[in-house]
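Okay, so here's the structure we're looking at.
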Amino acid sequence: MRRPIRAAALVTAAALVVACSPTDQPSPEPYVPPRGVTETEIRLGTHQPLTGPASSYSRVALAMKAYFDHVNAHGGVHGRQIVFLIKDDGYNPANTQTVVRELVEQDEVFAIVGGLGTPTHSAVLDYLKEEQVPDLFVASGAGSWNQPARYPGTFGFQTDYTTEGKIVGHYLAEESAGETVCAFHQDDDFGREFVAGVEAGLGAPVALRQSYIPTNTNVAPQVQALQSAGCTVVVLATLPSFTAQVLRTADQLSFRPHFVASTAGSDYATVGAILGVDKALLEGLISTGYLPIATNPDDPWIALFQQILDEYGDGGEVDNNVVVGMSIAYLTVQALQRAGREITVDGLIAAIEEGGFRGPGLVPFAFSPTSHAGYSGGRMSKVTNGKQDYFGPAYVTDAGSAPVTEYTEPAAVPPPDGIPTP
Amino acid sequence: MDDPRVRMNPAARGAVAGLALLAAGVAASYALPDRLFALGQVVAWLVAAAGLTVLVGLSGQLSLGQAGFMATGAYAAALTQNALYAAGFTVAPPAGTSGRFAAAAGPTAAGWTLPVALLAGVAAAAAVGALLGLAAVRMRGAYLAGATLVFGLIVTPVTVLVDALGGEQGLRVHVPRAPDPVGSAVGEGRFRVWVALVGAALVLAILTAVVRGRWGRDLRAARDDEAAAALVGIPVARVRLGAFVASAATAGLGGGLYVYLTGTALPGYFGLTTSLFLLVAVVIGGAGRLVGAVGGTLFVVAVPIVTTEVMSAVDASPALQARLAGNAPLALLGLCLVLVTLATPGGWSARLGRGPRRVRIGWGRADQGRSGRLDLGRPRAGRRGDRGRGGTGARPPIPDVRE
């Protein structure tokens with residue numbers, strides 16, 4: 001009788017001892033900040049065309065810096081100040097190679113943010129992957145940034161050109177039956193993808209394609225070819241300087257089709273500044289957009305951006321380049337906040353893939369574990385009486401075979417101090 | 001000329017030169033760990049500059065299209081590398097990527113594909129060099145310069161227009177990654193610089209050995225006095241063509257190395273500016289002196305970097321900074337070039353004391369007014385280097401054939 005009780009008591013005691021003793025768990029690894037992150041600062045870098053054929057985008061960098069300065073003035077992100085380094089590559093991919101290596105190897109940045117340009121950023125995709133540097137929110141709509149399996153650290157920001165082209169093609173299919181649609185595009189992924197999207201949205205190939213390279217500013221032969229082909233609608237996938245060139249050349253040749261331009265080269269203020277006295281040529285220009293238009297002072301985001309620009313920027317007017325720059329910076333801060341104080345490269349990637357960021361955009365982001373594409377659609381815009389404004393609903397689609405559908409959710413309102421709440 | 005008490009046979013000389021470059025380069029790769037890319041660029045350009053200095057200084061043929069041969073070699077190497085990768089000659093990627101990036105690391109090209117690709121680049125550049133050279137060896141002075149200039153200018157638009165070469169965006173090249181354990185011990189960037197150094201050391205060794213030997217003598221003779229050289233049995237046209245092809249081949253290797261260093265082939269790498277920078281490097285270093293090519297290349301790559309850093313340290317408004325950023329380094333380089341040329345007309349290597357004090361770039365000679373060759377059309381008296389004979393005195397006296 002006593003043995004079973006004693007055995008049970010021993011077993012119970014043993015079980016209690018085992019249960020109460022500290023188990024052999026590994027102690028949590030101490031957090032090791034990755035390259036570019038310290039107790040007090042986080043270093044970000046970007047390559048921008050401050051000079052050269054795309055220097056009309058140079059205010060994007062300035063706007064990003066202004067927004068980060070604003071955030072720093074309010075305590076930074078998780079107690080760290082953002083150190084933002086801007087390097088000029090002159091829109092030349094050969095220079096981009098050099099400056100991005102400098103940013104990673106010499107300046108030891110944690111991430112590259114908002115690298116601008118399709119040909120330029122394409123040159124450093126593999127390098128950034130090899131060095132395992134997060135490559136966030138590329139300021140270009142090419143589809144190359146949306147390859148999560150191949151470039152896990154690279155994320156897009158803009159509506160990609162194929163998606164944008166599909167929306168334009170969809171609009172042309174509805175509004176311009178019977179027109180001869182042609183295309184004039186930059187001879188790289190930017191141009192080719194946009195035109196491919198237009199053709200997908202239209203459901204038919206364009207009647208004629210002409211192309212240019214940024215180093216050759218003479219577009220007269222191409223415009224003449226478009227004129228000879230009897231084009232009544234010309235879709236443009238051009239840098240702002242080349243949009244201006246086409247408009248001027250067409251005017252000189254008395255060639256007056258409807259021009260529909262990609263958002264990359266249709267900002268009224270930017271192209272208008274290049275055109276100067278010929279600004280009236282922009283009248284009737286149709287384009288798309290996915291961010292608030294700068295000439296709309298009633299928009300609370302524009303008001304916020306103007307305030308920040310006044311305090312930390314060059315004191316000029318907000319234009320669409322500033323809107324893009326500050327929007328990228330805003331999204332970056334949201335991503336860094338979500339990644340937490342103990343930020344790591346993998347943690348940041350996972351944080352962005354959760355998606356659901358709400359900000360100035362008119363359409364949602366497409367971030368997910370299987371998609372690193374940025375904004376997923378846009379709204380049509382038109383220049384009427386010297387003012388560029390949206391019309392019609394917002395649309396969302398993707399770069400694949402999804403249909404173009406309307407998006408009706410209202411835009412988000414900016415937080416009171418302009419800093420996203422985590 | 002050489003001190004007769006210290007004589008080294010050309011092969012040994014070449015080996016010493018190559019090893020010295022290798023050692024210096026490896027040391028530099030540790031001394032400047034955050035400038036590895038610039039170092040790599042120096043090495044790639046150095047290879048092209050070495051060939052150019054032989055062509056310009058020793059053979060007296062002025063070439064303004066060296067970068068065109070670099071581009072030829074670069075794209076040929078890039079296409080070959082990609083073709084070998086696509087054909088399946090790959091190995092597992094080296095360890096060292098972690099987390100999200102580990103899954104994305106695809107197979108990497110096998111190590112041996114790199115020398116094959118580089119050789120393809122050299123062969124392509126040499127072939128194009130031979131083609132161009134057949135015409136070029138018949139030209140002199142400004143006409144040769146013009147022909148090579150046009151060649152250099154043509155290459156970039158061709159690479160942009162031909163779709164297979166990637167257009168404006170260029171090609172992404174699947175270059176082999178550094179193998180474990182060397183790669184993780186040394187770093188991918190540094191390893192690539194070392195590979196480039198090996199290539200450069202080989203070229204330097206070969207050129208050093210060869211220019212001290214018979215071929216070098218023939219080159220110099222053909223440069224100095226074509227008629228006399230032909231009379232003593234030197235096949236002048238063949239010798240000049242050989243120099244042209246050799247120079248193109250080295251440029252092809254330089255271009256291939258640049259593709260290896262960056263993993264891309266871009267039209268913007270090899271434009272007219274590069275050709276001119278290489279020529280500047282050759283002139284600053286002393287045309288015809290290989291050690292001068294090394295120093296000149298270092299100078300031409302380092303000065304813009306240093307001036308850019310100086311400029312960014314200057315406290316100026318962002319608009320002014322942006323304007324200075326592109327232009328000031330070039331202006332400063334130009335100024336340095338002027339100063340160096342004034343101070344050392346034969347290039348800085350002439351100051352080292354060995355070799356000719358003043359080396360002509362073979363545009364034409366003052367004492368051959370009626371040579372029948374196409375030079376600039378005026379007797380060239382009073383130019384730098386034409387005081388007296390301008391050479392060392394150790395050349396064998398060549399009979400004056402006009403008498």
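A note on labels: chains of the structure tokens are A, B, ... as shown, every chain counts residues from 1, and ligands are counted from 1 in their shown order.
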Quick one: everything within 9 Å of Gln81 (chain B), counting only C-alpha atoms, minus sequence neighbours fewer than 5 positions away in the same chain. Send it as a ChimeraX atom specification.
-> /B:76,86,109,113-114,116-118,173-176
Alpha helix (DSSP H) call set, DSSP backbone run, region 113-346 of chain B, as a VMD selection string = chain B and resid 113 to 136 141 to 161 182 to 186 188 to 211 214 to 224 226 to 231 236 to 262 272 to 285 290 to 313 318 to 343
Separation of CA of Gly355 (chain A) and CA of Gln334 (chain A), in Å?
->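 A separation of 10.6 Å between them.
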Rounded to one decimal place, report the CA of Gly347 (chain B)-CA of Val291 (chain B) distance in Å.
->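 Straight-line distance from CA of Gly347 (chain B) to CA of Val291 (chain B) works out to 10.7 Å.
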May I ask you to extract the residues of chain B within 8 Å of chain A, using only C-alpha atoms, and to give them as number ranges by chain?
-> B: 34-35, 37, 97, 99-101, 103-105, 167-169, 172, 262-264, 266, 268-269, 322-323, 325-326
Quick one: residues within 8 Å of Thr180 (chain A), only C-alpha atoms counted, chain neighbours fewer than 4 positions away excluded, as a PyMOL selection string?
-> chain A and resi 206-207+230-233
Please produce an output containing C-alpha atoms for each residue in the selection, written as a short mmCIF file (atom, residue, chain, number, x, y, z; two decimals), in the first residue's frame.
```
data_model
loop_
_atom_site.label_atom_id
_atom_site.label_comp_id
_atom_site.auth_asym_id
_atom_site.auth_seq_id
_atom_site.Cartn_x
_atom_site.Cartn_y
_atom_site.Cartn_z
CA VAL A 206 -0.88 51.59 -81.38
CA ALA A 207 -0.73 52.65 -85.00
CA GLY A 230 -2.01 60.75 -89.46
CA CYS A 231 -1.98 60.27 -85.70
CA THR A 232 -4.83 62.02 -83.94
CA VAL A 233 -3.90 60.93 -80.42
#
```
From A:Pro360, A:Gly114, A:Gly325, A:Pro134, residue lying nearest Tyr67 (chain A) [only C-alpha atoms] = A:Gly325
Near-Arg35 (chain A) list (9 Å; only C-alpha atoms; drop same-chain fewer than 4 positions) as a VMD selection string = chain A and resid 43 108 to 110
Please provide as a PyMOL selection string all residues within 10 Å of Ser228 (chain A), with the sequence filter that same-chain residues fewer than 5 positions apart are discarded (counting only C-alpha atoms).
-> chain A and resi 222-223+255
With N, CA and C atoms retained, could you export that selection as an mmCIF file, in the first residue's frame?
```cif
data_model
loop_
_atom_site.group_PDB
_atom_site.id
_atom_site.type_symbol
_atom_site.label_atom_id
_atom_site.label_comp_id
_atom_site.auth_asym_id
_atom_site.auth_seq_id
_atom_site.Cartn_x
_atom_site.Cartn_y
_atom_site.Cartn_z
ATOM 1 N N GLN A 222 11.052 62.182 -85.439
ATOM 2 C CA GLN A 222 9.993 61.336 -84.893
ATOM 3 C C GLN A 222 8.633 62.023 -84.997
ATOM 4 N N VAL A 223 8.604 63.328 -84.684
ATOM 5 C CA VAL A 223 7.324 64.034 -84.731
ATOM 6 C C VAL A 223 6.813 64.095 -86.162
ATOM 7 N N PHE A 255 1.219 70.386 -86.160
ATOM 8 C CA PHE A 255 0.709 69.038 -85.906
ATOM 9 C C PHE A 255 -0.015 69.119 -84.573
#
```
